[in-house]
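Working notes, structure below.
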Amino acid sequence: MKGSAASSSFRLAYVPGVTPGKWVRIWNERLPDVPLELITVQAAEASDVLRAGDADAAFVRLPVDRTVFSAIPLYTETTVVVVPKDHLVTAADEVSCADLAEEVVLHPLDDVLDWDRPPGEPAFERPATTADAVELVAAGIGLLVVPQSLARLHHRRDLTYRPVVDAPQSSVALSWPEDATTDLVEDFIGIVRGRTVNSTRGRAKPPATAEAERKRPEKSGGRKPAAGRSTGKGARGVSGARGGSGGSGGAKGARRGKPRRKS
């Protein structure tokens, strides 16, 4: 269904690790009369929030159900391992899953990576959240593999991270219910895609604008000189020359019309 741009607000959900600030700033500049409400949701809850109509659109982690939701992939994150600053892993610029084989690697219940099997040795108990797992890393209980944005979100001075070159990666996308693509959703899509403020792509044009564009070719065609009128002037100029008629008279008239060279 198509909604109206006169809605009281636009509700935007986003999952941990996503920073929507730049898009929110552009929205506030372009649509100052439509407040944008930010809603933080866990990655596993984002689809339910959209399905229930509690948000108009959301920054989510793929995959999503494409039979229900539209999605615009934005970027794919680097996967990193979070370790204490004095850990041996910090001696390398990057590591592989095999390098973590003998380490205890924490696997929180809210993990967003699609593992066939997490690397390393499993902990005795899975932490409930990524934040809890970071605290365990700081306590020396194990290591944690997460998207880089989550490592930054839960930054601690006593921890650091290194890229894991062969680990699964998490992709972030803008998503919304396909049957609820309102005008405000289209406006936000335009902002995310980097369209200019004057771009009308994705929005239905007002009837007056569409009618004006339909008539524009007729107006421009009317300004062109008519072929018959131009030919008629030429014909009168030839046949109307005094002292002759037909082609020969026209030719003589043409010679008489040439400017003389100065001697």
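Residue numbering restarts at 1 in every chain; chains get A, B, ... in the order shown in the structure tokens, and ligands count up from 1 in that same order.
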Long-range neighbours of region 74-86 of chain A as a PyMOL selection string, 6 Å cut-off, only C-alpha atoms, 5 positions minimum in chain
chain A and resi 143-148+158-164+169-173
Take the residues that were just selected and, keeping N, CA, C and O atoms, output them as a compact mmCIF listing (two decimals), in the first residue's frame.
```
# COMPACT_ATOMS: atom_id res chain seq x y z
N LEU A 143 37.94 -16.25 24.16
CA LEU A 143 37.97 -15.24 23.10
C LEU A 143 36.58 -15.13 22.48
O LEU A 143 35.72 -15.98 22.71
N LEU A 144 36.38 -14.11 21.66
CA LEU A 144 35.06 -13.88 21.06
C LEU A 144 35.24 -13.46 19.61
O LEU A 144 36.02 -12.56 19.31
N VAL A 145 34.50 -14.09 18.70
CA VAL A 145 34.53 -13.74 17.27
C VAL A 145 33.21 -13.06 16.92
O VAL A 145 32.14 -13.65 17.08
N VAL A 146 33.32 -11.82 16.42
CA VAL A 146 32.13 -10.99 16.14
C VAL A 146 32.38 -10.09 14.94
O VAL A 146 33.54 -9.88 14.55
N PRO A 147 31.33 -9.49 14.36
CA PRO A 147 31.55 -8.43 13.37
C PRO A 147 32.30 -7.26 14.02
O PRO A 147 32.13 -6.98 15.21
N GLN A 148 33.09 -6.58 13.23
CA GLN A 148 33.94 -5.52 13.77
C GLN A 148 33.15 -4.42 14.48
O GLN A 148 33.61 -3.86 15.48
N ASP A 158 41.31 -2.63 27.88
CA ASP A 158 42.17 -3.79 28.10
C ASP A 158 41.99 -4.87 27.02
O ASP A 158 42.60 -5.92 27.10
N LEU A 159 41.15 -4.59 26.00
CA LEU A 159 40.91 -5.55 24.93
C LEU A 159 41.26 -4.94 23.58
O LEU A 159 41.26 -3.73 23.41
N THR A 160 41.54 -5.81 22.63
CA THR A 160 41.76 -5.39 21.24
C THR A 160 41.20 -6.47 20.33
O THR A 160 40.59 -7.44 20.81
N TYR A 161 41.39 -6.35 19.03
CA TYR A 161 40.87 -7.38 18.12
C TYR A 161 41.74 -7.47 16.88
O TYR A 161 42.50 -6.56 16.55
N ARG A 162 41.61 -8.62 16.19
CA ARG A 162 42.31 -8.87 14.94
C ARG A 162 41.34 -9.49 13.94
O ARG A 162 40.47 -10.28 14.34
N PRO A 163 41.47 -9.18 12.64
CA PRO A 163 40.59 -9.79 11.63
C PRO A 163 40.78 -11.31 11.56
O PRO A 163 41.91 -11.80 11.70
N VAL A 164 39.66 -12.01 11.33
CA VAL A 164 39.69 -13.46 11.10
C VAL A 164 39.35 -13.67 9.62
O VAL A 164 38.20 -13.47 9.21
N GLN A 169 30.91 -13.79 7.52
CA GLN A 169 30.75 -12.34 7.66
C GLN A 169 29.28 -11.98 7.78
O GLN A 169 28.40 -12.73 7.34
N SER A 170 29.04 -10.83 8.36
CA SER A 170 27.67 -10.35 8.53
C SER A 170 27.44 -9.15 7.62
O SER A 170 28.25 -8.22 7.58
N SER A 171 26.32 -9.17 6.88
CA SER A 171 25.95 -8.08 5.99
C SER A 171 24.79 -7.29 6.58
O SER A 171 23.85 -7.87 7.14
N VAL A 172 24.85 -5.98 6.43
CA VAL A 172 23.82 -5.08 6.93
C VAL A 172 22.99 -4.57 5.77
O VAL A 172 23.53 -4.27 4.69
N ALA A 173 21.68 -4.45 5.97
CA ALA A 173 20.78 -4.00 4.90
C ALA A 173 19.70 -3.10 5.49
O ALA A 173 19.40 -3.16 6.69
```
Tell me, which residues of region 18-175 of chain A carry DSSP alpha helix (DSSP H), written as a ChimeraX atom specification?
/A:21-30,46-51,130-138,148-153
For Glu121 (chain A), which residue among A:Gly21, A:Glu102, A:Glu178, A:Glu135 is the nearest when counting only C-alpha atoms?
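Among the listed residues, the smallest separation from Glu121 (chain A) belongs to A:Glu102.
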Between CA of Trp176 (chain A) and CA of Ala57 (chain A), distance in Å (one decimal):
4.5 Å
So that I can see what lies close to Pro127 (chain A), please list as a VMD selection string the residues with an atom at most 12 Å from it, counting only C-alpha atoms and leaving out residues fewer than 6 positions away in the same chain.
chain A and resid 105 to 111 133 to 137 141 to 144
Given the selection you just returned, output its residues as a file containing all heavy atoms, formatted as a CSV table (one decimal), in the first residue's frame.
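Heads up, here's the output in result30.csv:
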```
chain,number,residue,atom,x,y,z
A,105,VAL,N,36.6,-20.4,22.6
A,105,VAL,CA,36.0,-19.3,21.9
A,105,VAL,C,34.5,-19.3,22.3
A,105,VAL,O,33.8,-20.2,22.2
A,105,VAL,CB,36.1,-19.6,20.4
A,105,VAL,CG1,35.3,-18.4,19.6
A,105,VAL,CG2,37.5,-19.6,19.9
A,106,LEU,N,34.1,-18.1,22.9
A,106,LEU,CA,32.8,-17.9,23.4
A,106,LEU,C,31.8,-17.8,22.3
A,106,LEU,O,32.1,-17.2,21.2
A,106,LEU,CB,32.7,-16.7,24.3
A,106,LEU,CG,33.7,-16.7,25.5
A,106,LEU,CD1,33.9,-15.4,26.1
A,106,LEU,CD2,33.3,-17.8,26.5
A,107,HIS,N,30.6,-18.4,22.4
A,107,HIS,CA,29.6,-18.3,21.4
A,107,HIS,C,28.2,-17.9,22.0
A,107,HIS,O,27.4,-18.7,22.4
A,107,HIS,CB,29.4,-19.7,20.8
A,107,HIS,CG,28.5,-19.8,19.6
A,107,HIS,ND1,27.8,-20.9,19.2
A,107,HIS,CD2,28.2,-18.8,18.7
A,107,HIS,CE1,27.1,-20.6,18.1
A,107,HIS,NE2,27.4,-19.4,17.8
A,108,PRO,N,28.0,-16.5,22.1
A,108,PRO,CA,26.9,-16.0,22.8
A,108,PRO,C,25.6,-16.4,22.1
A,108,PRO,O,25.5,-16.7,20.9
A,108,PRO,CB,27.1,-14.5,22.8
A,108,PRO,CG,28.0,-14.3,21.7
A,108,PRO,CD,28.9,-15.5,21.6
A,109,LEU,N,24.5,-16.4,22.9
A,109,LEU,CA,23.2,-16.8,22.3
A,109,LEU,C,22.7,-15.8,21.3
A,109,LEU,O,21.9,-16.1,20.4
A,109,LEU,CB,22.2,-16.9,23.4
A,109,LEU,CG,22.4,-18.0,24.5
A,109,LEU,CD1,21.4,-18.0,25.6
A,109,LEU,CD2,22.4,-19.4,23.8
A,110,ASP,N,23.2,-14.5,21.3
A,110,ASP,CA,22.7,-13.5,20.3
A,110,ASP,C,23.7,-13.4,19.2
A,110,ASP,O,23.8,-12.4,18.5
A,110,ASP,CB,22.5,-12.2,21.0
A,110,ASP,CG,23.7,-11.6,21.6
A,110,ASP,OD1,24.8,-12.3,21.6
A,110,ASP,OD2,23.7,-10.4,22.1
A,111,ASP,N,24.6,-14.4,19.0
A,111,ASP,CA,25.6,-14.4,17.9
A,111,ASP,C,24.9,-14.1,16.6
A,111,ASP,O,23.8,-14.7,16.3
A,111,ASP,CB,26.3,-15.7,17.9
A,111,ASP,CG,27.4,-15.7,16.8
A,111,ASP,OD1,28.1,-14.7,16.6
A,111,ASP,OD2,27.6,-16.8,16.2
A,133,ALA,N,29.7,-11.8,26.9
A,133,ALA,CA,30.9,-12.5,26.3
A,133,ALA,C,32.1,-11.6,26.4
A,133,ALA,O,33.2,-12.0,26.7
A,133,ALA,CB,30.6,-13.0,24.9
A,134,VAL,N,31.9,-10.3,26.1
A,134,VAL,CA,33.1,-9.4,26.2
A,134,VAL,C,33.6,-9.3,27.6
A,134,VAL,O,34.8,-9.2,27.8
A,134,VAL,CB,32.6,-8.0,25.7
A,134,VAL,CG1,33.7,-6.9,25.9
A,134,VAL,CG2,32.3,-8.0,24.2
A,135,GLU,N,32.7,-9.3,28.6
A,135,GLU,CA,33.2,-9.3,30.0
A,135,GLU,C,34.0,-10.5,30.3
A,135,GLU,O,35.0,-10.5,31.0
A,135,GLU,CB,32.0,-9.2,30.9
A,135,GLU,CG,31.2,-7.8,30.8
A,135,GLU,CD,32.1,-6.6,31.2
A,135,GLU,OE1,32.9,-6.8,32.1
A,135,GLU,OE2,31.9,-5.6,30.5
A,136,LEU,N,33.6,-11.7,29.7
A,136,LEU,CA,34.3,-12.9,30.0
A,136,LEU,C,35.7,-12.9,29.3
A,136,LEU,O,36.6,-13.4,29.9
A,136,LEU,CB,33.5,-14.1,29.5
A,136,LEU,CG,32.2,-14.4,30.3
A,136,LEU,CD1,31.4,-15.5,29.6
A,136,LEU,CD2,32.5,-14.7,31.7
A,137,VAL,N,35.7,-12.3,28.1
A,137,VAL,CA,37.0,-12.1,27.5
A,137,VAL,C,38.0,-11.3,28.4
A,137,VAL,O,39.2,-11.6,28.5
A,137,VAL,CB,36.9,-11.5,26.1
A,137,VAL,CG1,38.3,-11.2,25.5
A,137,VAL,CG2,36.1,-12.4,25.2
A,141,ILE,N,38.5,-15.7,30.3
A,141,ILE,CA,37.8,-16.9,30.2
A,141,ILE,C,37.9,-17.5,28.8
A,141,ILE,O,37.8,-18.7,28.6
A,141,ILE,CB,36.3,-16.7,30.6
A,141,ILE,CG1,36.2,-16.2,32.0
A,141,ILE,CG2,35.5,-18.0,30.5
A,141,ILE,CD1,36.8,-17.1,33.1
A,142,GLY,N,38.0,-16.7,27.8
A,142,GLY,CA,38.0,-17.1,26.4
A,142,GLY,C,38.1,-16.0,25.4
A,142,GLY,O,38.3,-14.8,25.9
A,143,LEU,N,37.9,-16.2,24.2
A,143,LEU,CA,38.0,-15.2,23.1
A,143,LEU,C,36.6,-15.1,22.5
A,143,LEU,O,35.7,-16.0,22.7
A,143,LEU,CB,39.0,-15.6,22.0
A,143,LEU,CG,40.4,-16.0,22.5
A,143,LEU,CD1,41.3,-16.3,21.4
A,143,LEU,CD2,41.0,-14.9,23.4
A,144,LEU,N,36.4,-14.1,21.7
A,144,LEU,CA,35.1,-13.9,21.1
A,144,LEU,C,35.2,-13.5,19.6
A,144,LEU,O,36.0,-12.6,19.3
A,144,LEU,CB,34.3,-12.8,21.8
A,144,LEU,CG,33.0,-12.3,21.3
A,144,LEU,CD1,32.0,-13.5,21.3
A,144,LEU,CD2,32.5,-11.1,22.0
```
